[in-house]
$ cat start-v7.cif   # mmCIF, C-alpha atoms and all ligand atoms
data_coords
loop_
_atom_site.label_atom_id
_atom_site.label_comp_id
_atom_site.auth_asym_id
_atom_site.auth_seq_id
_atom_site.Cartn_x
_atom_site.Cartn_y
_atom_site.Cartn_z
CA MET Q 198 117.00 96.18 109.27
CA ARG Q 199 114.72 93.18 109.08
CA VAL Q 200 111.34 94.43 107.88
CA LEU Q 201 107.89 92.88 107.48
CA VAL Q 202 105.63 94.18 104.71
CA THR Q 203 101.99 93.11 104.62
CA GLY Q 204 100.49 93.28 101.11
CA ALA Q 205 103.98 92.76 99.67
CA ALA Q 206 102.73 91.15 96.44
CA GLY Q 207 100.48 94.10 95.63
CA PHE Q 208 101.16 97.16 93.54
CA LEU Q 209 102.57 99.50 96.21
CA GLY Q 210 103.84 96.78 98.54
CA SER Q 211 106.06 95.28 95.84
CA HIS Q 212 107.59 98.66 94.97
CA LEU Q 213 108.22 99.28 98.66
CA CYS Q 214 109.97 95.89 98.90
CA ASP Q 215 112.16 96.85 95.92
CA ARG Q 216 113.35 100.00 97.68
CA LEU Q 217 113.89 98.24 101.02
CA VAL Q 218 115.86 95.34 99.50
CA SER Q 219 117.98 97.62 97.36
CA ALA Q 220 118.82 99.65 100.48
CA GLY Q 221 120.25 96.44 101.98
CA HIS Q 222 117.40 95.41 104.29
CA ALA Q 223 115.98 91.91 104.70
CA VAL Q 224 112.26 91.79 103.91
CA VAL Q 225 109.57 89.30 104.92
CA GLY Q 226 106.53 89.83 102.70
CA VAL Q 227 103.14 88.56 103.86
CA ASP Q 228 100.26 88.35 101.41
CA ASN Q 229 97.18 86.21 100.80
CA LEU Q 230 97.19 87.15 97.09
CA VAL Q 231 93.56 88.27 97.15
CA THR Q 232 94.40 91.21 94.86
CA GLY Q 233 98.18 90.76 94.59
CA ARG Q 234 100.32 88.52 92.39
CA THR Q 235 103.51 86.57 93.00
CA ALA Q 236 104.67 87.93 89.60
CA ASN Q 237 105.17 91.30 91.34
CA VAL Q 238 107.90 89.80 93.53
CA ASP Q 239 109.16 87.03 91.22
CA HIS Q 240 112.37 88.99 90.59
CA PHE Q 241 113.37 88.26 94.22
CA ARG Q 242 113.14 84.50 93.72
CA ALA Q 243 116.90 83.87 93.99
CA ASN Q 244 117.45 86.67 96.50
CA PRO Q 245 117.88 85.52 100.11
CA ALA Q 246 117.04 89.05 101.32
CA PHE Q 247 113.35 88.50 100.46
CA THR Q 248 110.85 85.85 101.47
CA LEU Q 249 107.13 85.74 100.74
CA VAL Q 250 104.76 84.12 103.23
CA HIS Q 251 101.28 83.24 101.97
CA HIS Q 252 98.99 84.27 104.84
CA ASP Q 253 95.82 86.23 105.57
CA VAL Q 254 96.84 88.94 108.05
CA SER Q 255 93.29 89.17 109.38
CA ARG Q 256 94.40 86.04 111.23
CA TYR Q 257 97.19 85.94 113.84
CA ILE Q 258 100.57 86.70 112.25
CA ASP Q 259 103.30 84.40 113.48
CA VAL Q 260 106.82 85.43 112.42
CA ALA Q 261 109.99 84.10 114.01
CA GLY Q 262 112.99 86.29 114.71
CA ALA Q 263 113.56 89.99 115.25
CA LEU Q 264 111.82 92.74 113.27
CA ASP Q 265 112.79 96.40 113.15
CA ALA Q 266 109.78 97.62 111.19
CA VAL Q 267 106.29 96.54 110.12
CA PHE Q 268 104.74 98.22 107.07
CA HIS Q 269 101.02 97.40 106.97
CA PHE Q 270 99.96 97.67 103.32
CA ALA Q 271 97.57 94.72 103.02
CA SER Q 272 94.08 95.74 101.87
CA PRO Q 273 92.12 95.70 98.66
CA ALA Q 274 92.57 99.26 97.36
CA SER Q 275 90.74 99.57 94.05
CA PRO Q 276 87.05 100.44 94.50
CA VAL Q 277 86.20 97.53 92.18
CA ASP Q 278 88.10 95.17 94.52
CA TYR Q 279 86.78 96.43 97.83
CA LEU Q 280 83.21 96.58 96.57
CA LYS Q 281 83.58 92.89 95.59
CA LEU Q 282 85.30 92.04 98.91
CA PRO Q 283 83.51 94.23 101.47
CA ILE Q 284 83.87 91.95 104.49
CA GLN Q 285 87.49 91.01 103.77
CA THR Q 286 88.24 94.74 103.40
CA LEU Q 287 86.69 95.57 106.77
CA LYS Q 288 88.50 92.63 108.36
CA VAL Q 289 91.95 93.48 107.03
CA GLY Q 290 91.54 97.14 108.02
CA ALA Q 291 90.37 96.20 111.51
CA LEU Q 292 91.63 92.72 112.48
CA GLY Q 293 94.61 92.86 110.11
CA THR Q 294 95.72 96.20 111.52
CA HIS Q 295 95.28 94.90 115.07
CA ASN Q 296 97.41 91.83 114.30
CA ALA Q 297 100.10 93.88 112.54
CA LEU Q 298 100.21 96.31 115.48
CA GLY Q 299 100.41 93.41 117.93
CA LEU Q 300 103.31 91.95 115.97
CA ALA Q 301 105.13 95.31 115.94
CA LYS Q 302 104.61 95.63 119.69
CA ALA Q 303 105.89 92.10 120.37
CA LYS Q 304 109.02 92.76 118.30
CA GLY Q 305 109.60 96.35 119.40
CA ALA Q 306 109.34 97.36 115.73
CA ARG Q 307 108.34 100.68 114.20
CA PHE Q 308 104.87 100.46 112.59
CA VAL Q 309 103.74 102.20 109.40
CA LEU Q 310 100.07 102.26 108.38
CA ALA Q 311 99.16 102.69 104.71
CA SER Q 312 96.11 104.87 105.17
CA THR Q 313 94.29 106.74 102.44
CA SER Q 314 92.85 110.03 101.22
CA GLU Q 315 89.56 108.14 101.39
CA VAL Q 316 89.48 108.93 105.15
CA TYR Q 317 88.36 112.38 103.94
CA GLY Q 318 85.43 110.78 102.06
CA ASP Q 319 83.70 113.18 99.65
CA PRO Q 320 85.53 116.18 101.06
CA ALA Q 321 83.80 119.45 101.93
CA VAL Q 322 87.24 121.08 102.40
CA HIS Q 323 89.53 121.48 99.41
CA PRO Q 324 92.43 120.80 99.16
CA GLN Q 325 92.52 118.40 102.10
CA PRO Q 326 94.91 119.13 105.00
CA GLU Q 327 95.59 116.43 107.60
CA SER Q 328 93.57 118.47 110.13
CA TYR Q 329 90.34 117.88 108.15
CA TRP Q 330 88.18 115.18 109.79
CA GLY Q 331 86.45 114.14 106.61
CA HIS Q 332 82.98 113.55 105.21
CA VAL Q 333 82.39 109.82 105.00
CA ASN Q 334 79.14 107.90 104.53
CA PRO Q 335 79.55 104.97 106.97
CA THR Q 336 76.66 102.94 105.55
CA GLY Q 337 77.28 103.45 101.82
CA PRO Q 338 79.18 100.84 99.79
CA ARG Q 339 82.50 102.73 99.99
CA GLY Q 340 82.18 102.85 103.78
CA VAL Q 341 83.74 99.37 103.98
CA TYR Q 342 87.07 100.81 102.87
CA ASP Q 343 86.86 104.31 104.30
CA GLU Q 344 85.71 103.26 107.74
CA ALA Q 345 88.17 100.35 107.89
CA LYS Q 346 91.02 102.79 107.28
CA ARG Q 347 89.60 105.29 109.78
CA PHE Q 348 89.40 102.49 112.35
CA ALA Q 349 92.97 101.47 111.43
CA GLU Q 350 94.19 105.01 112.12
CA ALA Q 351 92.35 105.10 115.47
CA MET Q 352 93.78 101.69 116.43
CA THR Q 353 97.30 102.80 115.46
CA MET Q 354 97.00 105.90 117.65
CA ALA Q 355 95.65 103.80 120.52
CA TYR Q 356 98.69 101.50 120.34
CA ARG Q 357 100.86 104.60 120.41
CA ARG Q 358 99.11 106.05 123.45
CA VAL Q 359 98.61 102.84 125.42
CA HIS Q 360 101.73 100.84 124.53
CA GLY Q 361 104.14 103.59 123.46
CA LEU Q 362 104.53 101.92 120.05
CA ASP Q 363 106.58 103.89 117.52
CA THR Q 364 104.01 104.54 114.78
CA ARG Q 365 103.56 106.37 111.47
CA ILE Q 366 100.42 107.01 109.43
CA VAL Q 367 100.62 107.84 105.73
CA ARG Q 368 97.47 109.01 103.92
CA ILE Q 369 98.14 107.95 100.37
CA PHE Q 370 96.42 109.79 97.51
CA ASN Q 371 95.68 108.14 94.12
CA THR Q 372 98.91 106.50 93.02
CA TYR Q 373 99.60 104.78 89.70
CA GLY Q 374 102.44 103.08 87.85
CA PRO Q 375 103.82 99.76 86.64
CA ARG Q 376 102.48 96.57 88.30
CA MET Q 377 98.90 97.78 88.56
CA ARG Q 378 96.78 94.95 87.20
CA ALA Q 379 95.29 95.49 83.75
CA GLN Q 380 91.88 94.62 85.22
CA ASP Q 381 92.47 96.47 88.48
CA GLY Q 382 89.52 98.78 87.79
CA ARG Q 383 91.19 102.03 88.84
CA VAL Q 384 91.00 104.91 86.43
CA VAL Q 385 94.62 105.14 85.22
CA SER Q 386 94.98 101.43 84.42
CA ASN Q 387 91.49 101.28 82.92
CA PHE Q 388 92.08 104.23 80.57
CA ILE Q 389 95.54 103.08 79.46
CA VAL Q 390 94.44 99.50 78.79
CA GLN Q 391 91.29 100.66 77.00
CA ALA Q 392 93.30 103.12 74.86
CA LEU Q 393 95.93 100.51 73.95
CA GLN Q 394 93.25 97.95 73.04
CA GLY Q 395 91.21 100.38 70.95
CA GLN Q 396 88.26 100.07 73.36
CA PRO Q 397 86.18 103.09 74.43
CA LEU Q 398 87.45 104.89 77.54
CA THR Q 399 84.82 104.53 80.28
CA VAL Q 400 84.30 107.88 82.00
CA TYR Q 401 82.02 107.58 85.04
CA GLY Q 402 79.56 110.43 85.49
CA ASP Q 403 80.27 113.53 83.41
CA GLY Q 404 84.02 113.31 84.11
CA SER Q 405 84.14 116.63 85.97
CA GLN Q 406 85.17 114.96 89.26
CA THR Q 407 88.84 115.49 90.10
CA ARG Q 408 91.72 113.40 91.37
CA SER Q 409 95.41 114.14 91.98
CA PHE Q 410 97.65 111.40 90.61
CA CYS Q 411 101.03 110.48 92.11
CA TYR Q 412 103.64 108.34 90.35
CA VAL Q 413 104.60 105.29 92.42
CA ASP Q 414 108.34 106.12 92.76
CA ASP Q 415 107.50 109.52 94.25
CA LEU Q 416 105.07 107.94 96.67
CA ILE Q 417 107.53 105.33 97.94
CA GLU Q 418 110.16 108.01 98.52
CA GLY Q 419 107.60 109.99 100.57
CA ILE Q 420 106.68 106.93 102.63
CA LEU Q 421 110.32 106.17 103.40
CA ARG Q 422 110.90 109.75 104.53
CA VAL Q 423 107.92 109.52 106.87
CA PHE Q 424 109.29 106.19 108.12
CA ASP Q 425 112.79 107.66 108.74
CA ARG Q 426 112.05 111.09 110.09
CA GLY Q 427 108.30 111.50 110.59
CA ASP Q 428 106.27 111.74 113.77
CA ASP Q 429 103.11 110.00 114.95
CA GLN Q 430 100.59 112.36 113.30
CA PRO Q 431 99.22 111.51 109.82
CA TYR Q 432 101.01 112.71 106.69
CA ASN Q 433 99.33 113.27 103.34
CA VAL Q 434 101.55 111.86 100.59
CA GLY Q 435 100.37 112.53 97.06
CA ASN Q 436 100.78 114.77 94.07
CA PRO Q 437 98.85 118.05 94.36
CA GLY Q 438 98.46 118.35 90.57
CA GLU Q 439 94.66 118.09 90.17
CA PHE Q 440 92.91 116.88 87.01
CA THR Q 441 89.35 116.13 86.04
CA VAL Q 442 88.71 112.57 84.91
CA ILE Q 443 87.88 113.82 81.43
CA GLN Q 444 91.23 115.66 81.27
CA LEU Q 445 92.94 112.41 82.23
CA ALA Q 446 91.05 110.53 79.50
CA ARG Q 447 92.12 113.05 76.84
CA LEU Q 448 95.73 113.00 78.04
CA VAL Q 449 95.85 109.19 77.87
CA LEU Q 450 94.40 109.30 74.35
CA ARG Q 451 97.05 111.82 73.27
CA LEU Q 452 99.98 109.97 74.86
CA THR Q 453 98.95 106.58 73.49
CA GLY Q 454 98.01 108.00 70.07
CA SER Q 455 94.81 105.96 70.39
CA SER Q 456 91.68 106.67 68.37
CA SER Q 457 89.43 105.15 71.04
CA SER Q 458 86.20 107.00 71.76
CA ILE Q 459 85.02 108.15 75.19
CA VAL Q 460 81.80 106.68 76.63
CA TYR Q 461 79.97 107.88 79.72
CA GLU Q 462 78.83 105.41 82.38
CA PRO Q 463 77.01 105.94 85.70
CA LEU Q 464 78.96 107.51 88.54
CA PRO Q 465 79.51 105.01 91.39
CA THR Q 466 77.67 105.74 94.67
CA ASP Q 467 79.47 108.28 96.89
CA ASP Q 468 82.27 108.82 94.33
CA PRO Q 469 84.18 111.84 95.73
CA ARG Q 470 83.64 115.02 93.67
CA GLN Q 471 87.12 116.40 94.23
CA ARG Q 472 90.40 115.37 95.78
CA ARG Q 473 93.75 117.11 96.16
CA PRO Q 474 96.29 116.70 98.96
CA ASP Q 475 97.54 119.68 100.91
CA ILE Q 476 101.18 118.55 101.23
CA THR Q 477 102.41 121.51 103.29
CA ARG Q 478 103.13 119.28 106.29
CA VAL Q 479 105.23 116.63 104.53
CA PHE Q 480 107.03 119.29 102.47
CA THR Q 481 107.84 121.50 105.46
CA ALA Q 482 108.84 118.71 107.83
CA LEU Q 483 110.48 116.24 105.46
CA GLN Q 484 111.19 118.28 102.30
CA TRP Q 485 109.23 115.78 100.26
CA GLU Q 486 107.40 116.76 97.12
CA PRO Q 487 106.66 114.75 93.98
CA ARG Q 488 109.07 115.03 91.06
CA VAL Q 489 107.38 113.05 88.29
CA SER Q 490 104.80 114.95 86.22
CA LEU Q 491 101.57 113.23 85.23
CA GLU Q 492 102.70 113.16 81.61
CA ASP Q 493 106.05 111.50 82.45
CA GLY Q 494 104.46 109.04 84.84
CA LEU Q 495 101.81 108.10 82.28
CA HIS Q 496 104.54 107.56 79.64
CA ARG Q 497 106.28 105.07 81.93
CA THR Q 498 103.01 103.35 82.83
CA ILE Q 499 101.91 103.15 79.20
CA GLY Q 500 105.26 101.49 78.38
CA TYR Q 501 104.62 98.93 81.11
CA PHE Q 502 101.12 98.10 79.88
CA LYS Q 503 102.33 97.84 76.27
CA ASP Q 504 104.72 95.09 77.40
CA VAL Q 505 102.06 93.38 79.52
CA LEU Q 506 99.48 93.38 76.74
CA ALA Q 507 102.02 92.19 74.18
P1 LIG Q 601 96.85 96.14 95.81
O1 LIG Q 601 95.49 95.57 95.79
O2 LIG Q 601 97.68 96.07 94.59
O3 LIG Q 601 97.70 95.52 96.99
C1 LIG Q 601 97.16 95.11 98.21
C2 LIG Q 601 97.84 93.81 98.61
O4 LIG Q 601 97.33 93.40 99.89
C3 LIG Q 601 97.56 92.66 97.63
O5 LIG Q 601 98.76 92.00 97.31
C4 LIG Q 601 96.61 91.77 98.41
O6 LIG Q 601 96.68 90.42 97.99
C5 LIG Q 601 97.06 92.00 99.83
N1 LIG Q 601 96.04 91.69 100.83
C6 LIG Q 601 94.77 92.13 100.89
N2 LIG Q 601 94.13 91.62 101.94
C7 LIG Q 601 95.03 90.83 102.58
C8 LIG Q 601 94.98 90.03 103.75
N3 LIG Q 601 93.87 89.92 104.48
N4 LIG Q 601 96.09 89.36 104.11
C9 LIG Q 601 97.23 89.45 103.40
N5 LIG Q 601 97.33 90.19 102.28
C10 LIG Q 601 96.25 90.88 101.88
O7 LIG Q 601 96.67 97.67 96.28
P2 LIG Q 601 97.74 98.84 96.41
O8 LIG Q 601 97.33 99.92 95.50
O9 LIG Q 601 99.11 98.30 96.32
O10 LIG Q 601 97.46 99.33 97.89
C11 LIG Q 601 98.34 98.99 98.95
C12 LIG Q 601 97.93 99.73 100.22
O11 LIG Q 601 97.98 101.15 100.00
C13 LIG Q 601 96.50 99.42 100.66
O12 LIG Q 601 96.47 99.35 102.08
C14 LIG Q 601 95.71 100.61 100.18
O13 LIG Q 601 94.57 100.85 100.97
C15 LIG Q 601 96.73 101.74 100.31
N6 LIG Q 601 96.44 102.84 99.38
C16 LIG Q 601 96.72 102.73 98.05
C17 LIG Q 601 96.41 103.79 97.20
C18 LIG Q 601 96.74 103.76 95.74
O14 LIG Q 601 96.42 104.73 95.04
N7 LIG Q 601 97.38 102.75 95.19
C19 LIG Q 601 95.79 104.94 97.72
C20 LIG Q 601 95.48 104.99 99.07
C21 LIG Q 601 95.84 103.94 99.91
N1 LIG Q 602 86.67 106.34 86.90
C1 LIG Q 602 86.24 106.50 85.61
N2 LIG Q 602 86.38 105.45 84.73
C2 LIG Q 602 86.96 104.29 85.08
C3 LIG Q 602 87.41 104.12 86.41
C4 LIG Q 602 87.26 105.17 87.30
O1 LIG Q 602 85.72 107.57 85.23
O2 LIG Q 602 87.05 103.40 84.22
C5 LIG Q 602 86.55 107.48 87.84
C6 LIG Q 602 85.93 107.15 89.19
O3 LIG Q 602 84.52 107.24 89.14
C7 LIG Q 602 86.55 108.23 90.07
C8 LIG Q 602 87.93 108.43 89.44
O4 LIG Q 602 87.85 107.93 88.12
O5 LIG Q 602 85.82 109.43 89.96
C9 LIG Q 602 89.05 107.71 90.18
O6 LIG Q 602 88.64 106.36 90.33
P1 LIG Q 602 89.59 105.23 90.91
O7 LIG Q 602 88.79 103.98 90.95
O8 LIG Q 602 90.87 105.22 90.20
O9 LIG Q 602 89.95 105.72 92.40
P2 LIG Q 602 89.15 106.45 93.58
O10 LIG Q 602 89.82 107.76 93.70
O11 LIG Q 602 87.71 106.63 93.21
O12 LIG Q 602 89.35 105.56 94.72
#

$ encode --input "start-v7.cif" --output "structure tokens"
Amino acid sequence: MRVLVTGAAGFLGSHLCDRLVSAGHAVVGVDNLVTGRTANVDHFRANPAFTLVHHDVSRYIDVAGALDAVFHFASPASPVDYLKLPIQTLKVGALGTHNALGLAKAKGARFVLASTSEVYGDPAVHPQPESYWGHVNPTGPRGVYDEAKRFAEAMTMAYRRVHGLDTRIVRIFNTYGPRMRAQDGRVVSNFIVQALQGQPLTVYGDGSQTRSFCYVDDLIEGILRVFDRGDDQPYNVGNPGEFTVIQLARLVLRLTGSSSSIVYEPLPTDDPRQRRPDITRVFTALQWEPRVSLEDGLHRTIGYFKDVLA
């Protein structure tokens, strides 16, 4: 196949490109580098199967030649990033998704939307099945991300219904691993970098809020299964192992052998209290479930950040 990946120089996009190129596909990556880095795709430099185009996908996307698939992964994803870039985040979720869908339609390509567990907001149903419509504050600061992704899902379904486009929607739950930026601001990278640098680990709120953390390799495998064999309805892809933030902090301290302290800082506005994917649908339909435990995944990620910081 010849595949276009938006957000290819980001954390998840670059891992997706790795899997696609190693499966023998040609990949065109499109990225404006707002939160991504060319270093994430530097290893493709001498590889004719991969090209990177520097472009903002909120503007018309012009790509010559045939495409078999469009994976739309461009968007700031860390709360720190999207709170700094609220308008760009709304634009890439809305205009960027529209442009990526229009490109897929013009090329007759299959379209995959990287959606998010954040469509469930601060969920009143736990764990979250795909049938849950969510609990999102549209006017709060996080609304710029949550509502952009909800709009992106609605737009994807409209292209399916109106134009018969072949579409997939993946609701990604908190994913971590190598190539996250040290200053990304998300909890796993923050805690590991703080622990390795002997800085206090910054727990927001009292640390009793929960998240379910998926290792990046597991996530990419799930996305590719949805791409290959999924249908048009959304799929949760994430690891159902649920941890409080304070449990994560203690685990990172143990695995790094760090003597850093833990400090408590204010909880961000509308920070979800709990989050865990119900993965019954993706498991039943596609036999996907995560394989990497949090401890193993953290080991690998700690190794990565040790190299980066050295
Ligand atoms: P990331 O910030 O590392 O990557 C996003 C990439 O998109 C970056 O390279 C950035 O430069 C690029 N980008 C942003 N706006 C763009 C624009 N207008 N034009 C072109 N490129 C643009 O984040 P990530 O964690 O790799 O997330 C990738 C996708 O997965 C995002 O759509 C995100 O919403 C979704 N997602 C990620 C997670 C997670 O836990 N990592 C969870 C849920 C959803
Ligand atoms: N968090 C924290 N300390 C940090 C960064 C994040 O306690 O240094 C908390 C954050 O408030 C949230 C959870 O960790 O409750 C996950 O945050 P992250 O930004 O990774 O992703 P989110 O799931 O909120 O999008």

$ residues_around --input "start-v7.cif" --residues "range 481-498 of chain Q" --least-positions-apart "3" --cutoff "7 Å" --atoms "all atoms listed in the file" --output "VMD selection string"
chain Q and resid 374 to 375 410 412 415 419 422 436 477 to 478 501 to 502

$ residues_near_ligand --input "start-v7.cif" --ligand "ligand LIG 601 (chain Q)" --cutoff "8 Å" --atoms "only C-alpha atoms and all ligand atoms" --output "short mmCIF file (atom, residue, chain, number, x, y, z; two decimals) with C-alpha atoms, in the coordinates of the input"
data_model
loop_
_atom_site.label_atom_id
_atom_site.label_comp_id
_atom_site.auth_asym_id
_atom_site.auth_seq_id
_atom_site.Cartn_x
_atom_site.Cartn_y
_atom_site.Cartn_z
CA THR Q 203 101.99 93.11 104.62
CA GLY Q 204 100.49 93.28 101.11
CA ALA Q 205 103.98 92.76 99.67
CA ALA Q 206 102.73 91.15 96.44
CA GLY Q 207 100.48 94.10 95.63
CA PHE Q 208 101.16 97.16 93.54
CA LEU Q 209 102.57 99.50 96.21
CA GLY Q 210 103.84 96.78 98.54
CA SER Q 211 106.06 95.28 95.84
CA VAL Q 227 103.14 88.56 103.86
CA ASP Q 228 100.26 88.35 101.41
CA ASN Q 229 97.18 86.21 100.80
CA LEU Q 230 97.19 87.15 97.09
CA VAL Q 231 93.56 88.27 97.15
CA THR Q 232 94.40 91.21 94.86
CA GLY Q 233 98.18 90.76 94.59
CA ARG Q 234 100.32 88.52 92.39
CA HIS Q 251 101.28 83.24 101.97
CA HIS Q 252 98.99 84.27 104.84
CA ASP Q 253 95.82 86.23 105.57
CA VAL Q 254 96.84 88.94 108.05
CA SER Q 255 93.29 89.17 109.38
CA ARG Q 256 94.40 86.04 111.23
CA HIS Q 269 101.02 97.40 106.97
CA PHE Q 270 99.96 97.67 103.32
CA ALA Q 271 97.57 94.72 103.02
CA SER Q 272 94.08 95.74 101.87
CA PRO Q 273 92.12 95.70 98.66
CA ALA Q 274 92.57 99.26 97.36
CA SER Q 275 90.74 99.57 94.05
CA ASP Q 278 88.10 95.17 94.52
CA GLN Q 285 87.49 91.01 103.77
CA THR Q 286 88.24 94.74 103.40
CA LYS Q 288 88.50 92.63 108.36
CA VAL Q 289 91.95 93.48 107.03
CA GLY Q 293 94.61 92.86 110.11
CA LEU Q 310 100.07 102.26 108.38
CA ALA Q 311 99.16 102.69 104.71
CA SER Q 312 96.11 104.87 105.17
CA THR Q 313 94.29 106.74 102.44
CA SER Q 314 92.85 110.03 101.22
CA GLU Q 315 89.56 108.14 101.39
CA TYR Q 342 87.07 100.81 102.87
CA LYS Q 346 91.02 102.79 107.28
CA ARG Q 368 97.47 109.01 103.92
CA ILE Q 369 98.14 107.95 100.37
CA PHE Q 370 96.42 109.79 97.51
CA ASN Q 371 95.68 108.14 94.12
CA THR Q 372 98.91 106.50 93.02
CA TYR Q 373 99.60 104.78 89.70
CA ARG Q 376 102.48 96.57 88.30
CA MET Q 377 98.90 97.78 88.56
CA ARG Q 378 96.78 94.95 87.20
CA ASP Q 381 92.47 96.47 88.48
CA CYS Q 411 101.03 110.48 92.11
#

$ residues_around --input "start-v7.cif" --residues "Asp475 in chain Q" --least-positions-apart "2" --cutoff "9 Å" --atoms "only C-alpha atoms" --output "list in words"
His323, Pro324, Gln325, Pro326, Glu327, Asn433, Val434, Gly435, Pro437, Arg473, Thr477 and Arg478 of chain Q

$ closest_residue --input "start-v7.cif" --among "Q:Asn334, Q:Thr248, Q:Ser386, Q:Gln430" --to "Gly318 in chain Q" --atoms "all atoms listed in the file"
Q:Asn334

$ residues_near_ligand --input "start-v7.cif" --ligand "ligand LIG 602 (chain Q)" --cutoff "6 Å" --atoms "all atoms listed in the file" --output "list of chain:residue names"
Q:Ser275, Q:Pro276, Q:Asn371, Q:Gly382, Q:Arg383, Q:Val384, Q:Asn387, Q:Thr399, Q:Val400, Q:Tyr401, Q:Gln406, Q:Val442, Q:Leu464, Q:Pro465, Q:Asp468

$ atom_distance --input "start-v7.cif" --atom1 "CA of Val224 in chain Q" --atom2 "CA of Phe247 in chain Q"
4.9 Å

$ residues_around --input "start-v7.cif" --residues "Ile258 in chain Q" --least-positions-apart "5" --cutoff "8 Å" --atoms "all atoms listed in the file" --output "list in words"
His252, Asn296, Ala297 and Leu300 of chain Q

$ atom_distance --input "start-v7.cif" --atom1 "CA of Asp467 in chain Q" --atom2 "CA of Arg347 in chain Q"
16.7 Å

$ residues_around --input "start-v7.cif" --residues "Leu398 in chain Q" --least-positions-apart "6" --cutoff "9 Å" --atoms "only C-alpha atoms" --output "list in words"
Asn387, Phe388, Ile389, Val390, Gln391, Ala392, Ala446, Leu450, Ser457, Ser458, Ile459, Val460 and Tyr461 of chain Q

$ residues_around --input "start-v7.cif" --residues "Asp429 in chain Q" --least-positions-apart "5" --cutoff "9 Å" --atoms "all atoms listed in the file" --output "JSON, numbers by chain"
{"Q": [354, 357, 363, 364, 365, 366]}

$ closest_residue --input "start-v7.cif" --among "Q:Ala223, Q:Val218, Q:Ala236, Q:Val385" --to "Val505 in chain Q" --atoms "all atoms listed in the file"
Q:Ala236

$ atom_distance --input "start-v7.cif" --atom1 "CA of Val277 in chain Q" --atom2 "CA of Tyr257 in chain Q"
26.9 Å

$ residues_near_point --input "start-v7.cif" --point "(107.3, 103.9, 110.9)" --cutoff "9 Å" --atoms "only C-alpha atoms" --output "list in words"
Ala266, Val267, Phe268, Ala306, Arg307, Phe308, Val309, Leu310, Asp363, Thr364, Arg365, Ile366, Ile420, Leu421, Val423, Phe424, Asp425, Arg426, Gly427, Asp428 and Asp429 of chain Q
